[in-house]
file work.cif (mmCIF, C-alpha atoms; chains and numbers go by the auth columns)
data_my_file
loop_
_atom_site.group_PDB
_atom_site.id
_atom_site.type_symbol
_atom_site.label_atom_id
_atom_site.label_comp_id
_atom_site.label_asym_id
_atom_site.label_seq_id
_atom_site.Cartn_x
_atom_site.Cartn_y
_atom_site.Cartn_z
_atom_site.B_iso_or_equiv
_atom_site.auth_seq_id
_atom_site.auth_asym_id
ATOM 1 C CA MET A 1 -14.249 -119.274 99.061 0.00 1 A
ATOM 2 C CA LYS A 2 -10.971 -117.516 98.450 0.00 2 A
ATOM 3 C CA ASN A 3 -8.759 -116.576 101.427 0.00 3 A
ATOM 4 C CA SER A 4 -8.948 -112.844 102.137 0.00 4 A
ATOM 5 C CA SER A 5 -9.067 -110.353 105.011 0.00 5 A
ATOM 6 C CA ARG A 6 -12.622 -111.594 105.721 0.00 6 A
ATOM 7 C CA PHE A 7 -12.111 -115.320 105.282 0.00 7 A
ATOM 8 C CA PHE A 8 -9.283 -117.764 105.965 0.00 8 A
ATOM 9 C CA GLU A 9 -9.484 -121.541 105.813 0.00 9 A
ATOM 10 C CA ASN A 10 -6.474 -123.423 107.182 0.00 10 A
ATOM 11 C CA ARG A 11 -6.804 -127.003 105.963 0.00 11 A
ATOM 12 C CA ASP A 12 -3.239 -127.694 107.139 0.00 12 A
ATOM 13 C CA CYS A 13 -4.162 -127.119 110.788 0.00 13 A
ATOM 14 C CA GLU A 14 -3.949 -130.309 112.833 0.00 14 A
ATOM 15 C CA TYR A 15 -7.376 -129.501 114.320 0.00 15 A
ATOM 16 C CA PHE A 16 -9.155 -128.717 111.025 0.00 16 A
ATOM 17 C CA PRO A 17 -12.072 -128.763 111.141 0.00 17 A
ATOM 18 C CA CYS A 18 -12.359 -128.047 114.856 0.00 18 A
ATOM 19 C CA HIS A 19 -16.172 -128.195 114.645 0.00 19 A
ATOM 20 C CA LYS A 20 -18.503 -130.297 112.510 0.00 20 A
ATOM 21 C CA GLY A 21 -20.655 -128.684 109.858 0.00 21 A
ATOM 22 C CA GLY A 22 -20.352 -125.926 107.353 0.00 22 A
ATOM 23 C CA LYS A 23 -19.190 -125.970 103.749 0.00 23 A
ATOM 24 C CA ASP A 24 -16.916 -122.915 103.876 0.00 24 A
ATOM 25 C CA PHE A 25 -15.174 -123.037 107.237 0.00 25 A
ATOM 26 C CA ASN A 26 -13.719 -119.686 108.295 0.00 26 A
ATOM 27 C CA CYS A 27 -10.696 -120.102 110.573 0.00 27 A
ATOM 28 C CA LEU A 28 -10.198 -116.336 110.903 0.00 28 A
ATOM 29 C CA PHE A 29 -11.832 -116.391 114.345 0.00 29 A
ATOM 30 C CA CYS A 30 -10.088 -119.542 115.541 0.00 30 A
ATOM 31 C CA TYR A 31 -10.433 -118.253 119.089 0.00 31 A
ATOM 32 C CA CYS A 32 -13.966 -116.893 119.227 0.00 32 A
ATOM 33 C CA PRO A 33 -14.007 -113.179 120.101 0.00 33 A
ATOM 34 C CA LEU A 34 -17.579 -113.656 121.350 0.00 34 A
ATOM 35 C CA TYR A 35 -16.644 -116.204 124.015 0.00 35 A
ATOM 36 C CA THR A 36 -17.088 -113.754 126.888 0.00 36 A
ATOM 37 C CA MET A 37 -20.366 -112.341 125.553 0.00 37 A
ATOM 38 C CA ASN A 38 -23.615 -113.143 127.281 0.00 38 A
ATOM 39 C CA PRO A 39 -25.944 -113.559 125.565 0.00 39 A
ATOM 40 C CA CYS A 40 -23.936 -114.983 122.717 0.00 40 A
ATOM 41 C CA PRO A 41 -25.304 -114.916 119.145 0.00 41 A
ATOM 42 C CA GLY A 42 -23.980 -118.460 118.615 0.00 42 A
ATOM 43 C CA ASN A 43 -25.404 -121.623 120.124 0.00 43 A
ATOM 44 C CA PRO A 44 -23.246 -122.505 123.124 0.00 44 A
ATOM 45 C CA THR A 45 -24.254 -124.860 125.867 0.00 45 A
ATOM 46 C CA TYR A 46 -23.324 -124.384 129.505 0.00 46 A
ATOM 47 C CA LEU A 47 -21.789 -126.963 131.804 0.00 47 A
ATOM 48 C CA GLN A 48 -21.550 -127.018 135.576 0.00 48 A
ATOM 49 C CA ILE A 49 -17.976 -127.785 136.570 0.00 49 A
ATOM 50 C CA GLN A 50 -17.053 -127.691 140.235 0.00 50 A
ATOM 51 C CA GLY A 51 -20.045 -125.451 140.909 0.00 51 A
ATOM 52 C CA LYS A 52 -19.162 -122.972 138.150 0.00 52 A
ATOM 53 C CA LYS A 53 -21.026 -122.314 134.918 0.00 53 A
ATOM 54 C CA VAL A 54 -18.679 -122.886 131.958 0.00 54 A
ATOM 55 C CA LYS A 55 -19.465 -122.012 128.352 0.00 55 A
ATOM 56 C CA ASP A 56 -19.060 -124.949 125.952 0.00 56 A
ATOM 57 C CA CYS A 57 -18.790 -123.971 122.279 0.00 57 A
ATOM 58 C CA THR A 58 -18.017 -127.453 120.972 0.00 58 A
ATOM 59 C CA ASN A 59 -21.141 -127.567 118.787 0.00 59 A
ATOM 60 C CA CYS A 60 -21.127 -123.910 117.739 0.00 60 A
ATOM 61 C CA ILE A 61 -19.918 -122.911 114.272 0.00 61 A
ATOM 62 C CA TYR A 62 -21.234 -119.330 114.361 0.00 62 A
ATOM 63 C CA PRO A 63 -17.791 -117.626 114.148 0.00 63 A
ATOM 64 C CA HIS A 64 -16.736 -120.064 111.415 0.00 64 A
ATOM 65 C CA ARG A 65 -19.582 -119.245 109.036 0.00 65 A
ATOM 66 C CA PRO A 66 -18.406 -116.605 106.522 0.00 66 A
ATOM 67 C CA GLU A 67 -21.759 -114.817 106.464 0.00 67 A
ATOM 68 C CA ASN A 68 -21.382 -113.925 110.177 0.00 68 A
ATOM 69 C CA TYR A 69 -18.180 -111.895 109.732 0.00 69 A
ATOM 70 C CA ASP A 70 -19.896 -108.468 109.721 0.00 70 A
ATOM 71 C CA ASN A 71 -22.036 -109.271 112.757 0.00 71 A
ATOM 72 C CA ILE A 72 -19.006 -110.470 114.710 0.00 72 A
ATOM 73 C CA LEU A 73 -17.201 -107.187 114.005 0.00 73 A
ATOM 74 C CA LYS A 74 -20.277 -105.228 115.120 0.00 74 A
ATOM 75 C CA GLN A 75 -20.408 -107.234 118.351 0.00 75 A
ATOM 76 C CA MET A 76 -16.701 -106.623 118.994 0.00 76 A
ATOM 77 C CA CYS A 77 -16.992 -102.860 118.440 0.00 77 A
ATOM 78 C CA ARG A 78 -19.817 -102.309 120.899 0.00 78 A
#

call {"tool": "encode", "arguments": {"input": "work.cif", "output": "structure tokens"}}
result
Amino acid sequence: MKNSSRFFENRDCEYFPCHKGGKDFNCLFCYCPLYTMNPCPGNPTYLQIQGKKVKDCTNCIYPHRPENYDNILKQMCR
């Protein structure tokens, strides 16, 4: 895919790719804007750390898949 206002792939980032999977990896939402959402449309897991439930998005590529761009914007504008 070509970099645009809807898609950005930063192959020069020292963390690229930060998650495994996906052919076109969208870095536009490097920090996931859905992190605080519950339920989340991605596939996070939850860990118990010092008695607190912590969201772990290590295996989630939902915000990095280009086809999810429109849904992410809808979620953010609720």

call {"tool": "closest_residue", "arguments": {"input": "work.cif", "among": "A:Phe25, A:Lys52, A:Thr45, A:Thr36", "to": "A:Asn68", "atoms": "all atoms listed in the file"}}
result
A:Phe25

call {"tool": "closest_residue", "arguments": {"input": "work.cif", "among": "A:Arg6, A:Met76, A:Gly51, A:Ile61", "to": "A:Gly22", "atoms": "all atoms listed in the file"}}
result
A:Ile61

call {"tool": "closest_residue", "arguments": {"input": "work.cif", "among": "A:Phe7, A:Ile49, A:Pro44, A:Arg78", "to": "A:His64", "atoms": "all atoms listed in the file"}}
result
A:Phe7

call {"tool": "closest_residue", "arguments": {"input": "work.cif", "among": "A:Phe8, A:Cys60, A:Asn3, A:Pro33", "to": "A:Lys74", "atoms": "all atoms listed in the file"}}
result
A:Pro33

call {"tool": "resolve_selection", "arguments": {"input": "work.cif", "expression": "the PyMOL selection byres ((chain A and resi 31) around 12)", "output": "short mmCIF file (atom, residue, chain, number, x, y, z; two decimals) with C-alpha atoms, in the coordinates of the input"}}
result
data_model
loop_
_atom_site.label_atom_id
_atom_site.label_comp_id
_atom_site.auth_asym_id
_atom_site.auth_seq_id
_atom_site.Cartn_x
_atom_site.Cartn_y
_atom_site.Cartn_z
CA CYS A 18 -12.36 -128.05 114.86
CA ASN A 26 -13.72 -119.69 108.30
CA CYS A 27 -10.70 -120.10 110.57
CA LEU A 28 -10.20 -116.34 110.90
CA PHE A 29 -11.83 -116.39 114.34
CA CYS A 30 -10.09 -119.54 115.54
CA CYS A 32 -13.97 -116.89 119.23
CA PRO A 33 -14.01 -113.18 120.10
CA LEU A 34 -17.58 -113.66 121.35
CA TYR A 35 -16.64 -116.20 124.02
CA THR A 36 -17.09 -113.75 126.89
CA CYS A 57 -18.79 -123.97 122.28
CA ILE A 61 -19.92 -122.91 114.27
CA TYR A 62 -21.23 -119.33 114.36
CA PRO A 63 -17.79 -117.63 114.15
CA HIS A 64 -16.74 -120.06 111.42
#

call {"tool": "closest_residue", "arguments": {"input": "work.cif", "among": "A:Gln75, A:Asp70, A:Asn43, A:Arg65", "to": "A:Glu9", "atoms": "all atoms listed in the file"}}
result
A:Arg65

call {"tool": "atom_distance", "arguments": {"input": "work.cif", "atom1": "atom CA of A:Asn59", "atom2": "atom CA of A:Gly21"}}
result
9.0 Å

call {"tool": "atom_distance", "arguments": {"input": "work.cif", "atom1": "atom CA of A:Cys40", "atom2": "atom CA of A:Tyr15"}}
result
23.6 Å

call {"tool": "atom_distance", "arguments": {"input": "work.cif", "atom1": "atom CA of A:Thr58", "atom2": "atom CA of A:Met1"}}
result
23.7 Å

call {"tool": "axis_aligned_box", "arguments": {"input": "work.cif", "around": "stretch 17-31 of chain A", "padding_each_side": "4 Å", "output": "AutoDock Vina command-line options"}}
result
--center_x -15.4 --center_y -123.3 --center_z 111.4 --size_x 18.6 --size_y 22.0 --size_z 23.3

call {"tool": "resolve_selection", "arguments": {"input": "work.cif", "expression": "the PyMOL selection byres ((chain A and resi 46) around 6)", "output": "list in words"}}
result
Thr45, Leu47, Val54, Lys55 and Asp56 of chain A
